[in-house]
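**Student:** What follows is the file target02.csv, containing CSV, C-alpha atoms and all ligand atoms:
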```
chain,number,residue,atom,x,y,z
A,1,MET,CA,-30.9,-7.1,-5.6
A,2,SER,CA,-29.6,-10.5,-6.5
A,3,LEU,CA,-27.1,-12.1,-8.8
A,4,SER,CA,-28.0,-13.2,-12.3
A,5,ASP,CA,-27.6,-16.9,-13.3
A,6,GLN,CA,-24.6,-15.9,-15.3
A,7,GLU,CA,-23.0,-14.2,-12.3
A,8,SER,CA,-23.9,-17.0,-10.0
A,9,LEU,CA,-22.0,-19.4,-12.2
A,10,ARG,CA,-19.1,-17.1,-12.9
A,11,TYR,CA,-18.5,-16.3,-9.2
A,12,SER,CA,-19.6,-19.7,-7.9
A,13,ARG,CA,-16.2,-20.2,-6.1
A,14,HIS,CA,-16.8,-17.0,-4.1
A,15,LEU,CA,-20.4,-18.2,-3.3
A,16,LEU,CA,-18.8,-21.2,-1.6
A,17,LEU,CA,-16.9,-19.0,0.8
A,18,LYS,CA,-19.1,-18.2,3.8
A,19,GLN,CA,-17.1,-14.9,4.3
A,20,ILE,CA,-18.2,-13.7,0.9
A,21,GLY,CA,-21.3,-15.6,-0.4
A,22,GLU,CA,-24.0,-13.8,-2.4
A,23,GLN,CA,-24.1,-10.8,-0.1
A,24,GLY,CA,-20.4,-10.3,-0.5
A,25,GLN,CA,-20.5,-10.8,-4.2
A,26,LEU,CA,-23.3,-8.1,-4.4
A,27,LYS,CA,-21.0,-5.8,-2.4
A,28,LEU,CA,-18.2,-6.4,-4.9
A,29,LYS,CA,-20.5,-5.8,-7.8
A,30,ASP,CA,-21.6,-2.5,-6.2
A,31,ALA,CA,-18.1,-1.4,-5.3
A,32,HIS,CA,-16.0,1.4,-6.8
A,33,VAL,CA,-12.2,0.9,-6.6
A,34,LEU,CA,-9.6,3.4,-7.7
A,35,VAL,CA,-6.2,1.9,-8.7
A,36,ILE,CA,-3.4,4.5,-8.9
A,37,GLY,CA,-0.5,3.2,-11.0
A,38,MET,CA,-0.7,0.4,-13.5
A,39,GLY,CA,2.8,-1.0,-13.1
A,40,GLY,CA,4.0,-4.1,-11.3
A,41,LEU,CA,1.6,-3.6,-8.4
A,42,GLY,CA,-1.4,-2.2,-10.2
A,43,VAL,CA,-1.4,-5.0,-12.9
A,44,PRO,CA,-2.0,-7.9,-10.5
A,45,ALA,CA,-4.2,-5.9,-8.2
A,46,ALA,CA,-6.5,-4.8,-10.9
A,47,THR,CA,-6.5,-8.2,-12.6
A,48,TYR,CA,-7.7,-9.9,-9.4
A,49,LEU,CA,-10.3,-7.2,-8.7
A,50,VAL,CA,-11.7,-7.6,-12.2
A,51,GLY,CA,-11.7,-11.3,-11.9
A,52,ALA,CA,-13.5,-11.0,-8.6
A,53,GLY,CA,-16.3,-8.9,-10.1
A,54,VAL,CA,-15.6,-5.5,-8.6
A,55,GLY,CA,-18.3,-3.6,-10.5
A,56,HIS,CA,-16.6,-0.3,-11.1
A,57,LEU,CA,-12.9,0.1,-11.5
A,58,VAL,CA,-10.9,3.2,-12.4
A,59,LEU,CA,-7.3,2.7,-13.6
A,60,ALA,CA,-5.0,5.8,-13.4
A,61,ASP,CA,-1.6,6.1,-14.9
A,62,PHE,CA,0.1,8.3,-17.6
A,63,ASP,CA,2.9,6.0,-18.5
A,64,GLU,CA,3.5,4.0,-21.7
A,65,ILE,CA,4.6,0.4,-21.9
A,66,ASP,CA,8.3,-0.2,-22.2
A,67,SER,CA,10.0,-3.4,-23.0
A,68,SER,CA,11.6,-3.4,-19.5
A,69,ASN,CA,8.1,-3.5,-18.0
A,70,LEU,CA,7.2,-6.9,-19.5
A,71,GLN,CA,9.4,-8.8,-17.0
A,72,ARG,CA,6.8,-8.1,-14.3
A,73,GLN,CA,3.8,-6.3,-15.7
A,74,VAL,CA,2.2,-9.5,-17.0
A,75,LEU,CA,-0.9,-7.9,-18.5
A,76,TYR,CA,1.0,-6.3,-21.3
A,77,ARG,CA,2.2,-8.0,-24.5
A,78,GLU,CA,5.2,-7.3,-26.8
A,79,GLN,CA,2.8,-5.7,-29.4
A,80,ASP,CA,1.7,-3.2,-26.7
A,81,ILE,CA,5.2,-1.6,-26.3
A,82,GLY,CA,4.8,2.2,-26.7
A,83,GLN,CA,1.1,2.1,-26.0
A,84,SER,CA,-0.7,3.6,-23.0
A,85,LYS,CA,-0.7,1.4,-19.9
A,86,VAL,CA,-4.2,2.2,-18.8
A,87,LEU,CA,-5.8,1.9,-22.2
A,88,THR,CA,-4.0,-1.4,-22.9
A,89,ALA,CA,-5.0,-2.6,-19.4
A,90,LYS,CA,-8.6,-1.5,-19.9
A,91,SER,CA,-8.9,-3.5,-23.1
A,92,GLN,CA,-7.2,-6.6,-21.7
A,93,LEU,CA,-9.3,-6.5,-18.5
A,94,GLU,CA,-12.6,-5.9,-20.4
A,95,ALA,CA,-11.8,-9.1,-22.3
A,96,LEU,CA,-11.4,-10.9,-18.9
A,97,ASN,CA,-14.7,-9.6,-17.5
A,98,SER,CA,-17.4,-7.9,-19.6
A,99,LEU,CA,-19.9,-7.7,-16.7
A,100,ILE,CA,-18.1,-4.8,-15.0
A,101,GLN,CA,-17.2,-1.2,-15.9
A,102,ILE,CA,-13.6,-0.1,-16.3
A,103,ARG,CA,-12.6,3.5,-16.8
A,104,ALA,CA,-9.1,4.7,-17.7
A,105,VAL,CA,-7.6,8.0,-16.5
A,106,ASN,CA,-4.7,8.4,-18.9
A,107,ARG,CA,-3.1,11.5,-17.4
A,108,ARG,CA,-1.2,12.8,-14.4
A,109,MET,CA,-3.8,13.6,-11.7
A,110,GLY,CA,-3.5,16.9,-10.0
A,111,GLU,CA,-5.0,17.5,-6.6
A,112,MET,CA,-8.5,18.4,-7.9
A,113,LEU,CA,-8.8,15.4,-10.2
A,114,LEU,CA,-7.4,13.1,-7.6
A,115,GLY,CA,-9.9,14.4,-5.1
A,116,MET,CA,-12.8,13.8,-7.5
A,117,GLU,CA,-11.7,10.3,-8.2
A,118,VAL,CA,-11.2,9.4,-4.5
A,119,ALA,CA,-14.6,10.9,-3.7
A,120,GLN,CA,-16.2,8.4,-6.1
A,121,ALA,CA,-14.3,5.4,-4.7
A,122,ASP,CA,-15.1,3.0,-1.9
A,123,VAL,CA,-11.5,1.8,-1.7
A,124,VAL,CA,-8.3,3.3,-3.1
A,125,LEU,CA,-5.2,1.3,-4.0
A,126,ASP,CA,-1.9,3.1,-4.1
A,127,CYS,CA,0.2,1.2,-6.6
A,128,SER,CA,2.3,4.2,-7.6
A,129,ASP,CA,6.1,4.3,-7.9
A,130,ASN,CA,7.0,7.6,-6.2
A,131,LEU,CA,6.7,9.3,-2.8
A,132,ALA,CA,5.1,12.5,-4.1
A,133,THR,CA,2.1,10.5,-5.3
A,134,ARG,CA,2.1,8.5,-2.1
A,135,TYR,CA,1.9,11.6,0.1
A,136,ALA,CA,-0.7,13.2,-2.2
A,137,VAL,CA,-2.9,10.1,-2.2
A,138,ASN,CA,-2.6,9.6,1.5
A,139,GLN,CA,-3.7,13.2,2.2
A,140,VAL,CA,-6.7,13.0,-0.1
A,141,CYS,CA,-7.8,9.7,1.4
A,142,VAL,CA,-7.5,11.0,5.0
A,143,LYS,CA,-9.5,14.1,4.1
A,144,ALA,CA,-12.2,12.0,2.3
A,145,GLY,CA,-12.3,9.3,4.9
A,146,LYS,CA,-11.7,6.6,2.2
A,147,PRO,CA,-9.9,3.3,3.0
A,148,LEU,CA,-6.4,3.2,1.4
A,149,VAL,CA,-4.5,0.0,0.6
A,150,SER,CA,-0.9,1.0,-0.1
A,151,GLY,CA,1.7,-1.2,-1.6
A,152,ALA,CA,5.4,-0.7,-2.5
A,153,ALA,CA,8.2,-2.9,-3.7
A,154,VAL,CA,11.8,-2.6,-4.8
A,155,ALA,CA,14.5,-5.3,-5.3
A,156,PHE,CA,13.6,-8.1,-2.8
A,157,SER,CA,11.6,-5.9,-0.4
A,158,GLY,CA,7.9,-5.3,-0.2
A,159,GLN,CA,5.7,-3.2,2.0
A,160,LEU,CA,1.9,-3.3,2.5
A,161,MET,CA,-0.1,-0.8,4.5
A,162,VAL,CA,-3.8,-0.9,5.1
A,163,PHE,CA,-5.3,2.4,6.3
A,164,PRO,CA,-9.0,2.1,7.1
A,165,PHE,CA,-9.6,5.9,7.0
A,166,ASP,CA,-13.4,5.3,7.2
A,167,ARG,CA,-12.8,4.7,10.9
A,168,PRO,CA,-11.6,7.3,13.4
A,169,GLU,CA,-8.1,7.7,14.8
A,170,GLN,CA,-6.1,5.8,12.2
A,171,ALA,CA,-2.4,6.4,11.6
A,172,CYS,CA,-1.7,7.6,8.1
A,173,TYR,CA,1.2,7.2,5.7
A,174,HIS,CA,2.6,10.5,6.9
A,175,CYS,CA,2.6,9.3,10.5
A,176,LEU,CA,4.6,6.3,9.5
A,177,PHE,CA,7.1,8.0,7.2
A,178,PRO,CA,6.9,11.7,8.0
A,179,ASN,CA,9.8,13.0,6.0
A,180,ALA,CA,10.7,10.6,3.2
A,181,GLN,CA,12.5,12.1,0.3
A,182,GLU,CA,12.2,10.9,-3.2
A,183,GLN,CA,14.2,7.7,-3.1
A,184,GLN,CA,17.6,7.1,-4.6
A,185,LEU,CA,16.3,3.5,-5.0
A,186,ASN,CA,13.6,2.7,-7.4
A,187,CYS,CA,12.7,-0.2,-9.7
A,188,ALA,CA,14.6,1.4,-12.5
A,189,ASN,CA,18.0,1.7,-10.8
A,190,ALA,CA,17.7,-0.9,-7.9
A,191,GLY,CA,15.9,-3.6,-9.8
A,192,ILE,CA,12.8,-5.6,-9.0
A,193,LEU,CA,11.8,-9.2,-9.3
A,194,GLY,CA,8.3,-9.8,-10.8
A,195,PRO,CA,7.0,-12.2,-8.2
A,196,VAL,CA,8.0,-9.8,-5.4
A,197,VAL,CA,6.0,-6.9,-6.7
A,198,GLY,CA,3.3,-9.4,-7.8
A,199,THR,CA,3.0,-10.7,-4.2
A,200,ILE,CA,2.4,-7.2,-2.8
A,201,GLY,CA,-0.1,-6.3,-5.6
A,202,SER,CA,-2.0,-9.5,-5.1
A,203,LEU,CA,-2.3,-8.7,-1.4
A,204,GLN,CA,-3.6,-5.2,-2.2
A,205,ALA,CA,-6.4,-6.9,-4.1
A,206,LEU,CA,-7.0,-9.3,-1.2
A,207,GLU,CA,-7.2,-6.5,1.4
A,208,ALA,CA,-9.5,-4.4,-0.9
A,209,ILE,CA,-11.9,-7.4,-1.3
A,210,LYS,CA,-11.9,-7.8,2.5
A,211,LEU,CA,-12.7,-4.1,3.0
A,212,ILE,CA,-15.5,-4.2,0.4
A,213,CYS,CA,-17.0,-7.4,1.9
A,214,GLY,CA,-16.7,-6.0,5.4
A,215,MET,CA,-14.4,-8.8,6.5
A,216,ASP,CA,-12.0,-8.1,9.5
A,217,SER,CA,-8.4,-8.3,8.6
A,218,ALA,CA,-5.3,-8.2,10.9
A,219,ALA,CA,-3.7,-6.2,8.1
A,220,GLN,CA,-5.9,-3.2,8.8
A,221,GLY,CA,-4.0,-0.5,10.6
A,222,ARG,CA,-0.8,-2.5,10.2
A,223,PHE,CA,2.5,-2.0,8.3
A,224,SER,CA,3.8,-5.2,6.9
A,225,SER,CA,7.3,-5.6,5.6
A,226,PHE,CA,8.2,-8.5,3.3
A,227,ASP,CA,11.7,-9.8,2.9
A,228,ALA,CA,11.4,-11.9,-0.3
A,229,GLN,CA,15.0,-13.1,-0.2
A,230,HIS,CA,14.5,-14.9,3.2
A,231,LEU,CA,10.7,-15.2,2.8
A,232,GLU,CA,10.1,-13.4,6.1
A,233,TRP,CA,7.4,-11.0,7.1
A,234,MET,CA,7.3,-8.4,9.9
A,235,HIS,CA,3.9,-7.0,10.9
A,236,ILE,CA,3.8,-3.8,13.0
A,237,LYS,CA,0.7,-2.0,14.3
A,238,MET,CA,0.8,1.6,13.1
A,239,GLN,CA,0.5,4.5,15.6
A,240,GLN,CA,-1.2,7.7,14.9
A,241,ASP,CA,1.2,10.6,15.5
A,242,PRO,CA,-0.8,13.2,17.4
A,243,SER,CA,1.3,15.9,15.9
A,244,CYS,CA,0.9,14.6,12.3
A,245,PRO,CA,0.0,17.6,10.0
A,246,VAL,CA,-2.0,15.4,7.7
A,247,CYS,CA,-4.3,13.3,10.0
A,248,GLY,CA,-3.7,14.9,13.5
A,249,GLN,CA,-6.2,17.7,13.2
A,250,ALA,CA,-8.5,16.1,10.6
A,251,HIS,CA,-9.8,13.6,13.2
A,252,SER,CA,-9.8,15.9,16.2
A,253,ALA,CA,-11.8,18.6,14.5
A,254,PRO,CA,-15.4,18.7,15.6
B,255,MET,CA,25.2,1.1,29.8
B,256,ASN,CA,22.2,-0.9,28.7
B,257,GLN,CA,22.4,-3.8,26.3
B,258,ILE,CA,20.0,-3.3,23.4
B,259,GLU,CA,19.6,-4.6,19.9
B,260,PHE,CA,19.6,-2.3,16.9
B,261,ASN,CA,18.6,-3.9,13.6
B,262,ASP,CA,19.3,-7.3,15.1
B,263,GLN,CA,22.8,-6.3,16.2
B,264,GLY,CA,23.8,-6.2,19.9
B,265,LEU,CA,24.8,-2.7,21.1
B,266,SER,CA,25.7,-1.0,24.4
B,267,TRP,CA,23.7,2.2,24.9
B,268,PRO,CA,23.7,4.7,27.8
B,269,ALA,CA,20.4,4.8,29.7
B,270,ASP,CA,20.2,8.6,29.5
B,271,LYS,CA,20.6,8.9,25.8
B,272,SER,CA,17.5,9.2,23.6
B,273,LEU,CA,16.1,7.2,20.7
B,274,ALA,CA,16.7,10.2,18.5
B,275,GLU,CA,20.4,10.1,19.4
B,276,LEU,CA,20.6,6.4,18.7
B,277,VAL,CA,18.9,6.8,15.3
B,278,ALA,CA,21.2,9.7,14.4
B,279,GLU,CA,24.3,7.8,15.4
B,280,GLN,CA,23.3,4.6,13.6
B,281,GLN,CA,21.7,5.8,10.4
B,282,SER,CA,23.5,8.1,8.0
B,283,ASN,CA,20.2,9.0,6.5
B,284,THR,CA,17.3,9.4,8.8
B,285,GLN,CA,14.8,10.5,6.2
B,286,GLY,CA,11.9,8.3,5.4
B,287,ILE,CA,12.3,5.8,8.2
B,288,ALA,CA,9.9,4.3,10.7
B,289,VAL,CA,11.4,3.2,14.1
B,290,VAL,CA,10.0,0.2,15.9
B,291,VAL,CA,10.9,-0.5,19.5
B,292,ASN,CA,9.8,-3.9,20.8
B,293,GLY,CA,7.4,-4.3,18.0
B,294,GLU,CA,5.7,-0.9,18.3
B,295,ILE,CA,6.2,2.1,16.2
B,296,VAL,CA,7.5,5.2,18.0
B,297,PRO,CA,6.3,8.3,16.1
B,298,GLN,CA,9.2,10.6,15.1
B,299,SER,CA,7.8,13.4,17.4
B,300,ALA,CA,8.5,11.1,20.4
B,301,TRP,CA,12.0,10.1,19.5
B,302,ASN,CA,13.6,12.8,21.7
B,303,GLU,CA,11.8,11.9,24.9
B,304,ARG,CA,12.2,8.1,24.4
B,305,CYS,CA,15.0,6.4,26.3
B,306,LEU,CA,15.9,2.8,26.0
B,307,SER,CA,15.9,0.0,28.6
B,308,ASP,CA,18.0,-3.0,28.9
B,309,GLY,CA,16.9,-5.6,26.3
B,310,ASP,CA,15.0,-3.2,24.1
B,311,LYS,CA,14.9,-4.2,20.4
B,312,VAL,CA,15.0,-1.3,17.9
B,313,LYS,CA,14.4,-1.9,14.3
B,314,VAL,CA,14.4,0.7,11.4
B,315,PHE,CA,12.3,0.4,8.3
B,316,ARG,CA,12.8,2.7,5.3
B,317,ALA,CA,10.0,3.8,3.1
B,318,ILE,CA,10.1,2.3,-0.4
B,319,ALA,CA,8.3,3.9,-3.2
B,320,GLY,CA,8.6,1.5,-6.2
B,321,GLY,CA,5.7,-0.2,-7.8
C,1,ZN,ZN,-0.9,11.0,10.0
```
Please render this file's structure as structure tokens.
Ligand SMILES: [Zn+2]
**Tutor:**
Amino acid sequence: MSLSDQESLRYSRHLLLKQIGEQGQLKLKDAHVLVIGMGGLGVPAATYLVGAGVGHLVLADFDEIDSSNLQRQVLYREQDIGQSKVLTAKSQLEALNSLIQIRAVNRRMGEMLLGMEVAQADVVLDCSDNLATRYAVNQVCVKAGKPLVSGAAVAFSGQLMVFPFDRPEQACYHCLFPNAQEQQLNCANAGILGPVVGTIGSLQALEAIKLICGMDSAAQGRFSSFDAQHLEWMHIKMQQDPSCPVCGQAHSAP
Amino acid sequence: MNQIEFNDQGLSWPADKSLAELVAEQQSNTQGIAVVVNGEIVPQSAWNERCLSDGDKVKVFRAIAGG
């Protein structure tokens, strides 16, 4: 397999990078990525993945575009207000790159559908806006052994977690935050600044590209906390909790 | 009494009291937090057995869900 002339031109800036090159570009072309949530995180993440030539992208959300989304979800236009996020994003992103395949899942995913979508993915991006989804996505990815790149943002704070579940003995989201309750603080009541959530979403795309191309990254297995007001990062290695009900037994089972 | 740091603030803390007690005393809501001691996460299941030494730096991170 090799790149077409059209692809070689289009992705020429990747081909100049020795960490990507033609082999990496072919891996991107072959990759299946599932993006869960097409809000402030999912929009930049999916846009960069489409630009990068990820061959198969699935966008999942059940929300409609609201005028208050436009301040940060920069893929959507005024005329799109009231329209489905994933269907609008699909058509915008298809206009950006017609060489790839984009599928929209315009509904709330139950455990079974989520399991089926994760099974088809090489990398999963959690760009959701609630803890119930985060726990559900984490559990399915642990079970399926699929790498998960999780992002979150509110106000001036961002969090990035990269879980390489395709490798043994990885901490999971439940190990990190075992008993989080649905937050009092969310983007709707605590506010969010576009570039803060855009930073985290862009980094989710970056880490997904590294996972697909087989590049090492210090972010893998790490929890990173971003203080956008003081422009400070804290990076902490995650620890698997041996008593974690989600990943503790999954990996010790024969 | 040991001198420790909790979320960048100096604090005197008895050597025989656990990390679980520190967190309970300092955080009104202990749900959805990750506790980091000297740059390493201490899983919640180990908070009870963990005591703190002079100079330990404890930091609490709270899960955020927005996106
Ligand atoms: Zn776990």
**Student:** Which is closest to chain B among A:Leu15, A:Ala188, A:Leu113, A:Leu28, if we use all atoms listed in the file?
**Tutor:**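 Among A:Leu15, A:Ala188, A:Leu113, A:Leu28, it is A:Ala188 that comes nearest to chain B.
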**Student:** Give me, as a list in words, the set of residues whose atoms come within 6 Å of any atom of ligand ZN 1 (chain C), counting all atoms listed in the file.
**Tutor:** Ala171, Cys172, His174, Cys175, Gln240, Asp241, Cys244, Val246, Cys247 and Gly248 of chain A
**Student:** Write out as a VMD selection string the residues lying within 8 Å of A:Arg107, counting all atoms listed in the file and excluding same-chain residues fewer than 6 positions away.
**Tutor:** chain A and resid 60 to 62
**Student:** Could the centre and edge lengths of an axis-aligned box, enclosing all atoms of stretch 229-241 of chain A in the file with 6 Å extra on each side, be given in Å to one decimal as AutoDock Vina command-line options?
**Tutor:**
```
--center_x 6.9 --center_y -2.3 --center_z 7.7 --size_x 28.2 --size_y 37.8 --size_z 27.8
```
**Student:** With only C-alpha atoms as the counted atoms, please give the residues lying no more than 12 Å from A:Ser8, apart from itself and same-chain residues fewer than 3 positions off, as a count of residues only.
**Tutor:** 17
**Student:** Compile the residues of chain A that lie within 6 Å of chain B, evaluated using only C-alpha atoms, and express the compilation as a VMD selection string.
**Tutor:** chain A and resid 40 to 41 127 to 131 152 to 154 176 to 177 179 to 180 186 to 187 241
**Student:** Excluding stretch 270-275 of chain B and any residue of its chain fewer than 6 positions from it, enumerate the residues within 7 Å of it, using only C-alpha atoms, and give them as number ranges by chain.
**Tutor:** B: 301-306
**Student:** Now that the selection is made, can you save its residues with C-alpha atoms as an mmCIF file, keeping the file's coordinate frame?
**Tutor:**
```
data_model
loop_
_atom_site.group_PDB
_atom_site.id
_atom_site.type_symbol
_atom_site.label_atom_id
_atom_site.label_comp_id
_atom_site.auth_asym_id
_atom_site.auth_seq_id
_atom_site.Cartn_x
_atom_site.Cartn_y
_atom_site.Cartn_z
ATOM 1 C CA TRP B 301 12.000 10.100 19.500
ATOM 2 C CA ASN B 302 13.600 12.800 21.700
ATOM 3 C CA GLU B 303 11.800 11.900 24.900
ATOM 4 C CA ARG B 304 12.200 8.100 24.400
ATOM 5 C CA CYS B 305 15.000 6.400 26.300
ATOM 6 C CA LEU B 306 15.900 2.800 26.000
#
```
**Student:** Write out as a list in words the residues lying within 12 Å of stretch 255-257 of chain B, counting only C-alpha atoms and excluding same-chain residues fewer than 6 positions away.
**Tutor:**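 The residues that qualify are Gln263, Gly264, Leu265, Ser266, Trp267, Pro268, Ala269, Asp270, Lys271, Cys305, Leu306, Ser307, Asp308, Gly309, Asp310, Lys311 and Val312 of chain B.
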**Student:** Would you work out the distance separating atom CA of A:Ile81 from atom CA of A:Ile65, expressed in Å to one decimal?
**Tutor:**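 Result for atom CA of A:Ile81 versus atom CA of A:Ile65: 4.9 Å, one decimal.
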**Student:** Which residue, A:Gln204, A:Gln170, A:Ser68, A:Asn189, has the smallest gap to A:Pro242 when you use only C-alpha atoms?
**Tutor:**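 Using only C-alpha atoms, A:Pro242 sits closest to A:Gln170.
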**Student:** One number please: atom CA of A:Val124 to atom CA of A:Val137, in Å, one decimal.
**Tutor:** 8.7 Å
**Student:** What's the 8 Å shell around A:Ala132, counting all atoms listed in the file, without same-chain residues fewer than 3 positions away, as a list in words?
**Tutor:**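 So, after excluding close chain neighbours, the residues are Tyr135, Ala136 and Glu182 of chain A.
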**Student:** Name the residues, using the chain letters and numbers of the file, that sit within 6 Å of (-7.4, -2.0, 8.5) when counting all atoms listed in the file, and give them as a list in words.
**Tutor:**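 Residues close enough to count: Val162, Phe163, Pro164, Ala219, Gln220 and Gly221 of chain A.
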**Student:** Can I get the selection written as a PDB file, keeping the file's coordinate frame, with C-alpha atoms?
**Tutor:**
```pdb
ATOM      1  CA  VAL A 162      -3.800  -0.900   5.100  1.00  0.00           C
ATOM      2  CA  PHE A 163      -5.300   2.400   6.300  1.00  0.00           C
ATOM      3  CA  PRO A 164      -9.000   2.100   7.100  1.00  0.00           C
ATOM      4  CA  ALA A 219      -3.700  -6.200   8.100  1.00  0.00           C
ATOM      5  CA  GLN A 220      -5.900  -3.200   8.800  1.00  0.00           C
ATOM      6  CA  GLY A 221      -4.000  -0.500  10.600  1.00  0.00           C
TER       7      GLY A 221
END
```
